[in-house]
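Printed here is protein_15.tsv (TSV, C-alpha atoms):
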chain	number	residue	atom	x	y	z
A	1	MET	CA	167.86	8.48	-120.13
A	2	ASN	CA	171.31	9.45	-121.30
A	3	ILE	CA	174.09	7.39	-119.71
A	4	ALA	CA	175.53	10.53	-118.07
A	5	THR	CA	172.20	11.03	-116.28
A	6	GLN	CA	171.90	7.35	-115.34
A	7	ALA	CA	175.41	7.34	-113.87
A	8	ALA	CA	174.78	10.45	-111.78
A	9	GLN	CA	171.59	8.90	-110.39
A	10	ILE	CA	173.09	5.58	-109.19
A	11	GLY	CA	171.90	4.80	-105.68
A	12	LEU	CA	169.76	7.93	-105.42
A	13	ASP	CA	166.54	6.18	-104.41
A	14	TRP	CA	167.99	3.55	-102.10
A	15	ASP	CA	167.42	5.13	-98.70
A	16	THR	CA	163.66	5.63	-98.67
A	17	ARG	CA	163.56	5.90	-94.88
A	18	THR	CA	165.66	9.09	-94.62
A	19	GLY	CA	165.80	10.29	-98.22
A	20	ALA	CA	169.61	10.29	-98.28
A	21	VAL	CA	170.79	11.15	-101.80
A	22	THR	CA	173.73	8.75	-101.61
A	23	VAL	CA	173.33	5.07	-100.84
A	24	PRO	CA	174.50	4.27	-97.28
A	25	ILE	CA	177.50	2.01	-96.65
A	26	TYR	CA	175.92	-1.12	-95.21
A	27	GLN	CA	178.99	-2.25	-93.29
A	28	THR	CA	177.51	-5.47	-92.01
A	29	ALA	CA	178.26	-9.13	-92.50
A	30	THR	CA	174.82	-10.45	-91.67
A	31	PHE	CA	171.18	-9.35	-91.46
A	32	ARG	CA	168.48	-10.03	-88.87
A	33	HIS	CA	165.48	-12.08	-90.02
A	34	PRO	CA	162.01	-10.73	-89.21
A	35	GLY	CA	160.71	-14.22	-88.44
A	36	LEU	CA	161.18	-17.94	-88.98
A	37	GLY	CA	161.44	-18.63	-92.69
A	38	GLN	CA	161.34	-14.91	-93.45
A	39	SER	CA	163.98	-12.63	-94.94
A	40	THR	CA	164.35	-8.95	-95.69
A	41	GLY	CA	165.93	-10.00	-98.97
A	42	TYR	CA	169.38	-9.91	-97.37
A	43	ASP	CA	170.84	-12.72	-95.31
A	44	TYR	CA	174.64	-12.60	-95.55
A	45	SER	CA	176.78	-10.00	-97.35
A	46	ARG	CA	178.56	-12.53	-99.56
A	47	SER	CA	175.18	-13.37	-101.07
A	48	GLY	CA	173.94	-9.80	-101.23
A	49	ASN	CA	174.62	-6.41	-99.67
A	50	PRO	CA	172.50	-3.29	-100.30
A	51	THR	CA	175.47	-1.06	-101.13
A	52	ARG	CA	176.89	-3.62	-103.53
A	53	GLN	CA	173.44	-4.20	-105.01
A	54	ALA	CA	173.07	-0.48	-105.77
A	55	LEU	CA	176.35	-0.65	-107.69
A	56	GLU	CA	175.39	-3.89	-109.45
A	57	GLU	CA	172.06	-2.44	-110.53
A	58	GLY	CA	173.88	0.68	-111.69
A	59	ILE	CA	176.33	-1.13	-113.98
A	60	ALA	CA	173.51	-3.29	-115.37
A	61	ARG	CA	171.54	-0.15	-116.21
A	62	LEU	CA	174.51	1.63	-117.81
A	63	ASP	CA	175.34	-1.41	-119.95
A	64	GLY	CA	171.77	-2.40	-120.76
A	65	GLY	CA	172.10	-5.78	-119.07
A	66	ALA	CA	169.68	-8.00	-117.20
A	67	ARG	CA	171.90	-8.06	-114.13
A	68	GLY	CA	175.22	-6.69	-112.87
A	69	PHE	CA	177.84	-8.12	-110.53
A	70	ALA	CA	180.59	-6.52	-108.43
A	71	TYR	CA	183.82	-8.28	-107.49
A	72	ALA	CA	186.90	-7.63	-105.39
A	73	SER	CA	188.94	-6.77	-108.52
A	74	GLY	CA	188.79	-6.93	-112.29
A	75	MET	CA	190.83	-10.13	-112.22
A	76	ALA	CA	188.38	-11.66	-109.72
A	77	ALA	CA	185.57	-10.81	-112.13
A	78	ILE	CA	187.33	-12.48	-115.06
A	79	ALA	CA	188.27	-15.54	-113.00
A	80	ASN	CA	184.66	-15.91	-111.86
A	81	LEU	CA	183.36	-15.70	-115.43
A	82	LEU	CA	185.81	-18.35	-116.61
A	83	LEU	CA	184.20	-20.78	-114.16
A	84	LEU	CA	181.33	-20.93	-116.64
A	85	PHE	CA	183.54	-23.33	-118.62
A	86	ARG	CA	184.77	-26.85	-117.94
A	87	SER	CA	187.79	-28.99	-118.68
A	88	GLY	CA	188.26	-29.47	-122.42
A	89	ASP	CA	186.67	-26.16	-123.39
A	90	HIS	CA	188.53	-23.77	-125.66
A	91	LEU	CA	188.38	-19.98	-125.88
A	92	VAL	CA	189.55	-17.58	-128.58
A	93	VAL	CA	191.22	-14.59	-126.99
A	94	THR	CA	192.60	-11.18	-127.96
A	95	GLU	CA	196.33	-11.57	-128.58
A	96	ASP	CA	197.60	-8.27	-127.11
A	97	LEU	CA	195.66	-8.83	-123.92
A	98	TYR	CA	196.39	-7.29	-120.53
A	99	GLY	CA	199.30	-9.25	-119.03
A	100	GLY	CA	197.42	-10.16	-115.85
A	101	THR	CA	194.65	-11.78	-117.88
A	102	CYS	CA	197.23	-13.77	-119.85
A	103	ARG	CA	198.80	-14.90	-116.58
A	104	LEU	CA	195.41	-16.10	-115.33
A	105	PHE	CA	194.70	-17.98	-118.55
A	106	ASP	CA	198.14	-19.45	-119.29
A	107	GLN	CA	199.51	-20.17	-115.84
A	108	ILE	CA	196.41	-21.00	-113.82
A	109	LEU	CA	193.34	-21.95	-115.85
A	110	VAL	CA	195.24	-24.25	-118.23
A	111	GLN	CA	195.87	-26.44	-115.18
A	112	TYR	CA	192.14	-27.08	-115.09
A	113	GLY	CA	191.83	-28.18	-118.69
A	114	LEU	CA	190.89	-24.93	-120.43
A	115	SER	CA	192.79	-23.97	-123.58
A	116	PHE	CA	193.23	-20.61	-125.30
A	117	THR	CA	194.13	-19.43	-128.77
A	118	TYR	CA	195.37	-15.86	-129.10
A	119	VAL	CA	194.47	-13.99	-132.28
A	120	ASP	CA	194.21	-10.46	-133.60
A	121	THR	CA	190.59	-9.75	-132.67
A	122	SER	CA	190.60	-6.58	-134.76
A	123	ASP	CA	190.34	-9.08	-137.66
A	124	PRO	CA	187.02	-11.01	-137.52
A	125	GLU	CA	188.28	-13.51	-140.08
A	126	ALA	CA	191.26	-14.37	-137.87
A	127	VAL	CA	188.78	-15.06	-135.09
A	128	ARG	CA	186.67	-17.24	-137.38
A	129	GLY	CA	189.75	-19.23	-138.38
A	130	ALA	CA	190.67	-19.92	-134.76
A	131	ILE	CA	187.31	-21.47	-133.79
A	132	ARG	CA	187.42	-25.20	-133.09
A	133	PRO	CA	184.67	-27.75	-132.39
A	134	GLU	CA	185.46	-27.43	-128.66
A	135	THR	CA	185.43	-23.60	-128.68
A	136	ARG	CA	182.90	-22.21	-126.25
A	137	ALA	CA	183.61	-18.47	-126.11
A	138	LEU	CA	185.39	-15.43	-127.44
A	139	PHE	CA	187.12	-13.19	-124.90
A	140	VAL	CA	187.92	-9.87	-126.51
A	141	GLU	CA	189.13	-6.45	-125.38
A	142	SER	CA	187.09	-3.77	-127.12
A	143	LEU	CA	190.18	-1.56	-127.15
A	144	THR	CA	193.33	-3.56	-126.51
A	145	ASN	CA	195.94	-2.99	-123.85
A	146	PRO	CA	198.42	-1.50	-124.65
A	147	LEU	CA	198.35	-1.26	-128.45
A	148	LEU	CA	194.81	0.12	-128.72
A	149	LYS	CA	193.55	-2.12	-131.51
A	150	VAL	CA	189.82	-1.76	-132.12
A	151	ALA	CA	187.54	-4.79	-132.11
A	152	ASP	CA	184.47	-4.86	-134.36
A	153	VAL	CA	182.18	-5.88	-131.50
A	154	ALA	CA	179.10	-6.06	-133.73
A	155	ALA	CA	180.77	-8.37	-136.25
A	156	LEU	CA	182.36	-10.54	-133.55
A	157	SER	CA	179.07	-10.83	-131.67
A	158	ALA	CA	177.31	-11.91	-134.86
A	159	LEU	CA	180.02	-14.52	-135.45
A	160	CYS	CA	179.58	-15.83	-131.89
A	161	ARG	CA	175.82	-16.13	-132.37
A	162	GLU	CA	176.37	-17.97	-135.63
A	163	ARG	CA	178.71	-20.46	-133.97
A	164	GLY	CA	176.92	-20.75	-130.64
A	165	LEU	CA	179.68	-19.10	-128.60
A	166	LEU	CA	179.57	-16.74	-125.66
A	167	CYS	CA	180.92	-13.29	-126.49
A	168	ILE	CA	182.69	-11.74	-123.49
A	169	VAL	CA	183.99	-8.18	-123.93
A	170	ASP	CA	186.47	-6.53	-121.61
A	171	ASN	CA	185.33	-2.94	-122.05
A	172	THR	CA	187.58	-1.36	-119.41
A	173	PHE	CA	189.21	1.22	-121.69
A	174	LEU	CA	185.96	2.56	-123.15
A	175	THR	CA	183.33	2.03	-120.41
A	176	PRO	CA	179.59	1.99	-121.18
A	177	TYR	CA	179.72	5.76	-121.53
A	178	LEU	CA	181.59	5.37	-124.82
A	179	LEU	CA	180.64	1.85	-125.96
A	180	ARG	CA	177.84	-0.54	-124.98
A	181	PRO	CA	178.88	-4.00	-126.22
A	182	LEU	CA	175.62	-5.63	-125.12
A	183	ASP	CA	173.75	-3.34	-127.52
A	184	LEU	CA	176.00	-4.68	-130.28
A	185	GLY	CA	175.16	-8.31	-129.45
A	186	ALA	CA	177.77	-9.29	-126.85
A	187	ASP	CA	176.65	-11.55	-124.01
A	188	VAL	CA	178.83	-10.26	-121.18
A	189	THR	CA	180.85	-7.15	-120.44
A	190	VAL	CA	183.58	-7.09	-117.82
A	191	TYR	CA	185.47	-4.15	-116.33
A	192	SER	CA	188.28	-3.39	-114.04
A	193	GLY	CA	186.13	-0.96	-112.06
A	194	THR	CA	189.36	0.32	-110.55
A	195	LYS	CA	190.01	2.26	-113.74
A	196	TYR	CA	187.65	4.75	-115.42
A	197	LEU	CA	184.52	3.69	-113.60
A	198	SER	CA	185.91	4.48	-110.14
A	199	GLY	CA	188.20	7.06	-111.67
A	200	HIS	CA	190.17	8.26	-108.65
A	201	ASN	CA	192.87	5.62	-108.09
A	202	ASP	CA	191.50	5.05	-104.58
A	203	THR	CA	189.78	1.67	-104.78
A	204	VAL	CA	190.03	-1.71	-106.49
A	205	SER	CA	186.94	-3.35	-107.97
A	206	GLY	CA	185.64	-5.47	-110.82
A	207	LEU	CA	182.26	-5.24	-112.54
A	208	VAL	CA	180.28	-7.48	-114.90
A	209	ALA	CA	177.04	-6.96	-116.81
A	210	VAL	CA	175.14	-9.87	-118.39
A	211	ARG	CA	172.57	-9.43	-121.16
A	212	ASP	CA	170.51	-12.61	-120.65
A	213	GLN	CA	168.71	-13.41	-117.39
A	214	VAL	CA	169.34	-17.17	-117.62
A	215	LEU	CA	173.09	-16.62	-118.02
A	216	ALA	CA	172.96	-14.00	-115.26
A	217	ASP	CA	171.49	-16.58	-112.89
A	218	ARG	CA	174.47	-18.86	-113.59
A	219	VAL	CA	176.90	-16.01	-113.00
A	220	TYR	CA	175.20	-15.17	-109.70
A	221	PHE	CA	175.49	-18.80	-108.57
A	222	LEU	CA	179.23	-18.65	-109.24
A	223	GLN	CA	179.63	-15.25	-107.58
A	224	ASN	CA	177.87	-16.42	-104.43
A	225	SER	CA	179.62	-19.79	-104.39
A	226	VAL	CA	183.16	-18.47	-104.86
A	227	GLY	CA	182.67	-15.33	-102.82
A	228	ALA	CA	185.17	-12.92	-104.39
A	229	VAL	CA	182.68	-10.10	-103.88
A	230	LEU	CA	183.25	-6.38	-103.45
A	231	GLY	CA	182.96	-5.03	-99.94
A	232	PRO	CA	180.45	-2.27	-99.16
A	233	GLN	CA	183.08	0.46	-98.58
A	234	ASP	CA	184.67	-0.14	-102.00
A	235	ALA	CA	181.25	-0.51	-103.62
A	236	TRP	CA	180.36	2.94	-102.27
A	237	LEU	CA	183.62	4.42	-103.58
A	238	THR	CA	182.97	2.89	-107.02
A	239	ILE	CA	179.46	4.35	-107.09
A	240	ARG	CA	180.85	7.75	-106.11
A	241	GLY	CA	183.32	7.60	-108.98
A	242	MET	CA	180.77	6.43	-111.55
A	243	LYS	CA	178.59	9.46	-110.88
A	244	THR	CA	181.20	11.70	-112.57
A	245	LEU	CA	182.17	9.25	-115.32
A	246	SER	CA	180.84	11.39	-118.17
A	247	VAL	CA	182.47	14.67	-117.17
A	248	ARG	CA	185.79	13.00	-116.44
A	249	LEU	CA	185.91	11.07	-119.71
A	250	ASP	CA	184.87	14.09	-121.75
A	251	ARG	CA	187.82	16.04	-120.34
A	252	GLN	CA	190.21	13.08	-120.55
A	253	GLN	CA	189.36	12.46	-124.20
A	254	GLU	CA	189.80	16.12	-125.07
A	255	ASN	CA	193.22	16.08	-123.42
A	256	ALA	CA	194.19	12.79	-125.05
A	257	GLY	CA	193.37	14.06	-128.52
A	258	ARG	CA	195.60	17.11	-128.07
A	259	ILE	CA	198.46	15.11	-126.55
A	260	ALA	CA	198.29	12.45	-129.28
A	261	GLU	CA	198.53	15.13	-131.95
A	262	TRP	CA	201.50	16.72	-130.16
A	263	LEU	CA	203.27	13.36	-129.83
A	264	ALA	CA	202.65	12.60	-133.51
A	265	ARG	CA	204.61	15.76	-134.41
A	266	HIS	CA	207.44	15.21	-131.94
A	267	PRO	CA	210.82	14.45	-133.58
A	268	ARG	CA	211.72	11.85	-130.92
A	269	VAL	CA	208.45	9.90	-131.25
A	270	ARG	CA	208.52	7.09	-133.80
A	271	ARG	CA	204.88	6.02	-133.66
A	272	VAL	CA	201.67	6.95	-131.83
A	273	PHE	CA	198.81	4.53	-131.08
A	274	TYR	CA	195.58	6.44	-130.47
A	275	PRO	CA	192.31	5.59	-132.24
A	276	GLY	CA	191.26	9.24	-132.25
A	277	LEU	CA	193.96	10.00	-134.83
A	278	PRO	CA	192.53	9.78	-138.37
A	279	ASP	CA	195.34	7.50	-139.57
A	280	HIS	CA	194.72	4.88	-136.85
A	281	PRO	CA	193.50	1.62	-138.51
A	282	GLY	CA	190.49	1.43	-136.19
A	283	HIS	CA	189.51	5.11	-136.33
A	284	GLU	CA	186.51	4.80	-138.64
A	285	LEU	CA	185.20	1.63	-136.97
A	286	LEU	CA	185.31	3.14	-133.48
A	287	ALA	CA	183.73	6.34	-134.79
A	288	ARG	CA	180.78	4.21	-135.99
A	289	GLN	CA	180.36	1.95	-132.96
A	290	ALA	CA	181.31	4.24	-130.07
A	291	ARG	CA	180.74	7.80	-128.95
A	292	GLY	CA	184.43	8.52	-128.38
A	293	PHE	CA	187.98	7.24	-128.67
A	294	GLY	CA	188.99	6.95	-125.02
A	295	ALA	CA	191.90	8.53	-123.21
A	296	MET	CA	194.67	5.93	-123.51
A	297	ILE	CA	197.71	6.59	-125.68
A	298	ALA	CA	200.68	4.36	-126.46
A	299	PHE	CA	203.76	5.67	-128.25
A	300	GLU	CA	207.21	4.54	-129.30
A	301	VAL	CA	210.25	6.74	-128.80
A	302	ASP	CA	213.27	6.60	-131.09
A	303	ASP	CA	215.82	5.38	-128.55
A	304	LYS	CA	215.69	2.89	-125.66
A	305	ALA	CA	217.67	5.29	-123.47
A	306	LEU	CA	214.90	7.86	-123.81
A	307	VAL	CA	212.38	5.56	-122.09
A	308	GLU	CA	213.97	5.85	-118.65
A	309	ARG	CA	214.58	9.56	-119.08
A	310	VAL	CA	210.92	10.23	-119.84
A	311	LEU	CA	209.67	7.95	-117.05
A	312	LEU	CA	211.86	9.51	-114.37
A	313	ASN	CA	211.71	13.14	-115.41
A	314	THR	CA	208.02	13.88	-115.70
A	315	GLU	CA	206.89	16.13	-112.87
A	316	LEU	CA	203.10	16.24	-113.20
A	317	ILE	CA	202.74	12.83	-114.80
A	318	SER	CA	203.28	9.93	-112.37
A	319	PHE	CA	205.29	6.85	-113.27
A	320	ALA	CA	202.81	4.25	-111.99
A	321	GLU	CA	200.73	1.24	-112.96
A	322	SER	CA	196.99	1.40	-113.52
A	323	LEU	CA	194.99	3.84	-115.59
A	324	GLY	CA	191.74	5.72	-115.90
A	325	GLY	CA	192.07	8.01	-112.90
A	326	VAL	CA	191.89	11.79	-112.79
A	327	GLU	CA	195.70	11.90	-112.54
A	328	THR	CA	197.78	11.28	-115.67
A	329	LEU	CA	199.98	8.18	-115.39
A	330	ILE	CA	202.76	6.77	-117.57
A	331	THR	CA	203.97	3.16	-117.66
A	332	PHE	CA	206.47	0.95	-119.48
A	333	PRO	CA	204.37	-2.10	-120.53
A	334	GLN	CA	207.31	-4.38	-121.33
A	335	VAL	CA	208.44	-4.57	-117.71
A	336	GLN	CA	205.27	-3.57	-115.87
A	337	THR	CA	201.80	-4.48	-117.11
A	338	HIS	CA	202.89	-7.15	-119.63
A	339	ALA	CA	205.94	-8.72	-117.99
A	340	ASP	CA	204.21	-12.12	-117.78
A	341	ILE	CA	203.88	-12.41	-121.56
A	342	PRO	CA	206.80	-14.38	-123.07
A	343	PRO	CA	209.46	-12.03	-124.53
A	344	ALA	CA	209.15	-13.42	-128.07
A	345	VAL	CA	205.40	-12.89	-128.03
A	346	ARG	CA	205.77	-9.36	-126.67
A	347	GLU	CA	208.23	-8.51	-129.41
A	348	ARG	CA	205.98	-9.95	-132.11
A	349	LEU	CA	203.03	-7.95	-130.84
A	350	GLY	CA	205.02	-4.73	-130.64
A	351	ILE	CA	205.22	-4.48	-126.84
A	352	ASN	CA	208.87	-3.56	-127.14
A	353	ASP	CA	211.61	-1.71	-125.27
A	354	VAL	CA	210.66	1.72	-126.66
A	355	LEU	CA	206.89	1.56	-126.05
A	356	LEU	CA	205.32	3.77	-123.38
A	357	ARG	CA	201.67	3.91	-122.30
A	358	LEU	CA	199.97	7.08	-121.17
A	359	SER	CA	196.71	7.24	-119.23
A	360	VAL	CA	195.55	10.81	-119.69
A	361	GLY	CA	193.88	12.53	-116.77
A	362	ILE	CA	191.82	15.68	-116.30
A	363	GLU	CA	194.65	18.15	-115.74
A	364	ASP	CA	195.13	21.10	-118.08
A	365	ALA	CA	196.35	19.76	-121.43
A	366	ASP	CA	198.92	22.54	-121.86
A	367	ASP	CA	200.51	21.63	-118.53
A	368	LEU	CA	200.66	17.94	-119.48
A	369	ILE	CA	202.23	18.69	-122.85
A	370	ALA	CA	204.76	21.03	-121.23
A	371	ASP	CA	205.64	18.28	-118.73
A	372	LEU	CA	206.19	15.73	-121.51
A	373	ASP	CA	208.22	18.28	-123.44
A	374	GLN	CA	210.64	18.92	-120.58
A	375	ALA	CA	210.89	15.18	-119.86
A	376	PHE	CA	211.89	14.60	-123.48
A	377	GLY	CA	214.55	17.26	-123.05
A	378	GLY	CA	212.66	20.24	-124.44
A	379	GLY	CA	213.09	21.82	-127.81
A	380	SER	CA	209.67	21.19	-129.30
A	381	GLN	CA	207.05	23.88	-129.64
A	382	ARG	CA	204.93	24.17	-126.52
A	383	PRO	CA	201.27	24.98	-126.93
A	384	GLY	CA	200.09	28.39	-125.87
A	385	PRO	CA	196.59	29.87	-125.65
A	386	GLY	CA	196.61	30.41	-129.39
A	387	ASN	CA	197.38	26.76	-130.11
A	388	ARG	CA	194.47	25.24	-128.24
For the structure just supplied, provide its representation as structure tokens.
Amino acid sequence: MNIATQAAQIGLDWDTRTGAVTVPIYQTATFRHPGLGQSTGYDYSRSGNPTRQALEEGIARLDGGARGFAYASGMAAIANLLLLFRSGDHLVVTEDLYGGTCRLFDQILVQYGLSFTYVDTSDPEAVRGAIRPETRALFVESLTNPLLKVADVAALSALCRERGLLCIVDNTFLTPYLLRPLDLGADVTVYSGTKYLSGHNDTVSGLVAVRDQVLADRVYFLQNSVGAVLGPQDAWLTIRGMKTLSVRLDRQQENAGRIAEWLARHPRVRRVFYPGLPDHPGHELLARQARGFGAMIAFEVDDKALVERVLLNTELISFAESLGGVETLITFPQVQTHADIPPAVRERLGINDVLLRLSVGIEDADDLIADLDQAFGGGSQRPGPGNR
């Protein structure tokens, strides 16, 4: 079935007793045993909960994995996956990575003997050159945050197979609706389910899909042992959001394409990062490997003073962290999402004091462009019905 159909059907067949078309919220910590040495398949909600299981089976199906896992947040999911490794192991990592992931790697996990090398993972040869004898995995963002570099997931997965490495892909920006890394050879996909998958800025969750059953068994052992699992209420909210993933992303991408083109023509915008634009370095690659370009845009304005003016003067667009919801949000990565990256590294990567990041929602594109226009100070041509 098409992914849009699979997403809409998550949890549909769970309540066979009543025929409820949505999976119930099993708000229980424990489960009664039918007899000594017998189990219904559920014993304690850390180990397994029916609502969470419906979500975990759903993400596994959407990604084409052997098994899925749901965590209390995207960072909890990543932290749990990194427990697959031991002291002395080395990972190659995307250089313009989400700041929270860098914080986890550089300020916490290094204390336990893991080491990390940051490279431009849009360049497979740079990845190859960073591999050491003690390297055990590649951790790559399929579309980087915030500079929207495109990873060649197929080439990187092949390199990992050649060198005996795990290939872990953070696919948050694209979701399985647009890109299925496991189909391209990756071993694991990880998501901040808070973002596009939930899609309504009303819950926090993390999701993982694993291609191989043996590896999935190891991940389950870690999930159950550590216990950073998603509660049934938030699992239900994530399922609810995933059912509309396709229609939301279709609208968000359409809006993002129009806004990116408008920004590219704006006299106060110095540079636009959006892979849907034909001049983006990763445009052709993403067109081959994915079914869309996503709905994230980053752009540089021509003056530092303009950053605050834009952030504080939008009326429809909210100045807020996070992304992927139905509401359009704008952030300033240098001081918000990537503050934990050392200043010199931020500057080298291009996460500078004139860079803004836009998460495009499902509102009317003309209204969003008009809001940006007035926040900039007006003066550019606003789109009308004839410019759609």
If we count only C-alpha atoms, what is near region 320-327 of chain A at a cut-off of 7 Å, once residues fewer than 2 positions away on the same chain are taken out, given as a short mmCIF file (atom, residue, chain, number, x, y, z; two decimals) with C-alpha atoms, keeping the file's coordinate frame?
data_model
loop_
_atom_site.label_atom_id
_atom_site.label_comp_id
_atom_site.auth_asym_id
_atom_site.auth_seq_id
_atom_site.Cartn_x
_atom_site.Cartn_y
_atom_site.Cartn_z
CA LYS A 195 190.01 2.26 -113.74
CA TYR A 196 187.65 4.75 -115.42
CA GLY A 199 188.20 7.06 -111.67
CA HIS A 200 190.17 8.26 -108.65
CA ASN A 201 192.87 5.62 -108.09
CA SER A 318 203.28 9.93 -112.37
CA LEU A 329 199.98 8.18 -115.39
CA ILE A 330 202.76 6.77 -117.57
CA THR A 331 203.97 3.16 -117.66
CA SER A 359 196.71 7.24 -119.23
CA GLY A 361 193.88 12.53 -116.77
CA ILE A 362 191.82 15.68 -116.30
#
Counting only C-alpha atoms, give me one row per residue of region 182-258 of chain A with an atom at most 8 Å from an atom of region 21-38 of chain A, showing the shortest contact pair and its distance in Å to one decimal, sorted by chain then residue number, as JSON lines.
{"residue": "A:Pro232", "atom": "CA", "partner": "A:Ile25", "partner_atom": "CA", "distance": 5.8}
{"residue": "A:Gln233", "atom": "CA", "partner": "A:Ile25", "partner_atom": "CA", "distance": 6.1}
{"residue": "A:Trp236", "atom": "CA", "partner": "A:Ile25", "partner_atom": "CA", "distance": 6.4}
Exercise for review: Determine the nearest neighbour of Arg52 (chain A) from the options A:Leu178, A:Leu82, A:Ala235, A:Leu147, counting only C-alpha atoms.
Suggested key: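 Under the stated criterion, the closest residue is A:Ala235.
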So that each row is one residue of region 34-150 of chain A with an atom at most 12 Å from region 273-282 of chain A, can you give its shortest atom pair and the distance in Å to one decimal, using all atoms listed in the file, rows by chain and rising number, as a Markdown table?
| residue | atom | partner | partner_atom | distance |
| --- | --- | --- | --- | --- |
| A:Thr121 | CA | A:Gly282 | CA | 11.7 |
| A:Ser122 | CA | A:Gly282 | CA | 8.1 |
| A:Asp123 | CA | A:Gly282 | CA | 10.6 |
| A:Ser142 | CA | A:Gly282 | CA | 11.0 |
| A:Leu143 | CA | A:Pro275 | CA | 9.0 |
| A:Thr144 | CA | A:Phe273 | CA | 10.8 |
| A:Asn145 | CA | A:Phe273 | CA | 10.8 |
| A:Pro146 | CA | A:Phe273 | CA | 8.8 |
| A:Leu147 | CA | A:Phe273 | CA | 6.4 |
| A:Leu148 | CA | A:Phe273 | CA | 6.4 |
| A:Lys149 | CA | A:Gly282 | CA | 6.6 |
| A:Val150 | CA | A:Gly282 | CA | 5.2 |
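Across the structure, CA of Val247 (chain A) and CA of Gly68 (chain A) are spaced 23.0 Å apart.
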Revision key, fill the gap. Computed gap from CA of Leu174 (chain A) to CA of Phe293 (chain A) is 7.5 Å
Check your understanding: Please, what distance in Å, to one decimal, runs between CA of Leu62 (chain A) and CA of Ser47 (chain A)?
Key -> 22.5 Å
Exercise for review: Return the single residue from A:Gln9, A:Gln334, A:Gln213, A:Thr203 that is closest to Gly58 (chain A), with distances computed using all atoms listed in the file.
Suggested key: A:Gln9
**Study point:** Of the listed residues A:Ile317, A:Val92, A:Cys167, A:Cys102, that which approaches Arg132 (chain A) most closely, counting all atoms listed in the file
**Key:**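 Using all atoms listed in the file, the shortest distance to Arg132 (chain A) belongs to A:Val92.
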Review point. If we count all atoms listed in the file, what is near Thr94 (chain A) at a cut-off of 6 Å, once residues fewer than 2 positions away on the same chain are taken out, given as a list in words?
Key: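 Once the adjacent positions are removed, what remains is Asp96, Leu97, Tyr118, Val119, Asp120, Thr121 and Val140 of chain A.
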Point to revise | Surrounding residues of region 74-78 of chain A excluding itself and chain neighbours under 2 positions, 10 Å, only C-alpha atoms, as a PyMOL selection string | key: chain A and resi 69-72+80-83+100-101+104-105+139+168+170+172+189-195+204-208+223+226-230
Exercise for review: In the coordinates of the file, take the point (194.5, 12.1, -125.5) and a cut-off of 12 Å; then, counting only C-alpha atoms, name each qualifying protein, DNA or RNA residue as an MDAnalysis selection string.
Suggested key: chainID A and resid 249:264 272:277 292:299 324 328 357:366 368:369
**Study point:** Selected residue of minimal separation from Val307 (chain A) among A:Gly164, A:Gly88, A:Gly241, A:Gly377, counting all atoms listed in the file
**Key:**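 Closest candidate: A:Gly377.
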Practice item. Fewer than 3 positions away in the same chain doesn't count, so skip those; otherwise give me all residues within 12 Å of Tyr177 (chain A), counting only C-alpha atoms, as a count of residues only. Key: 34
Practice item. Excluding Asp212 (chain A) and residues on its chain fewer than 2 positions from it, collect all residues at most 10 Å away from it, counting all atoms listed in the file, and give them as an NGL selection string. Key: :A and (65-67 or 182 or 187-188 or 209-210 or 214-217)
Review point. With only C-alpha atoms as the atoms that count, which of A:Ala79, A:Ala137, A:Leu311, A:Ile108 lies nearest to Val219 (chain A)?
Key: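 So, comparing all the options, the nearest one is A:Ala79.
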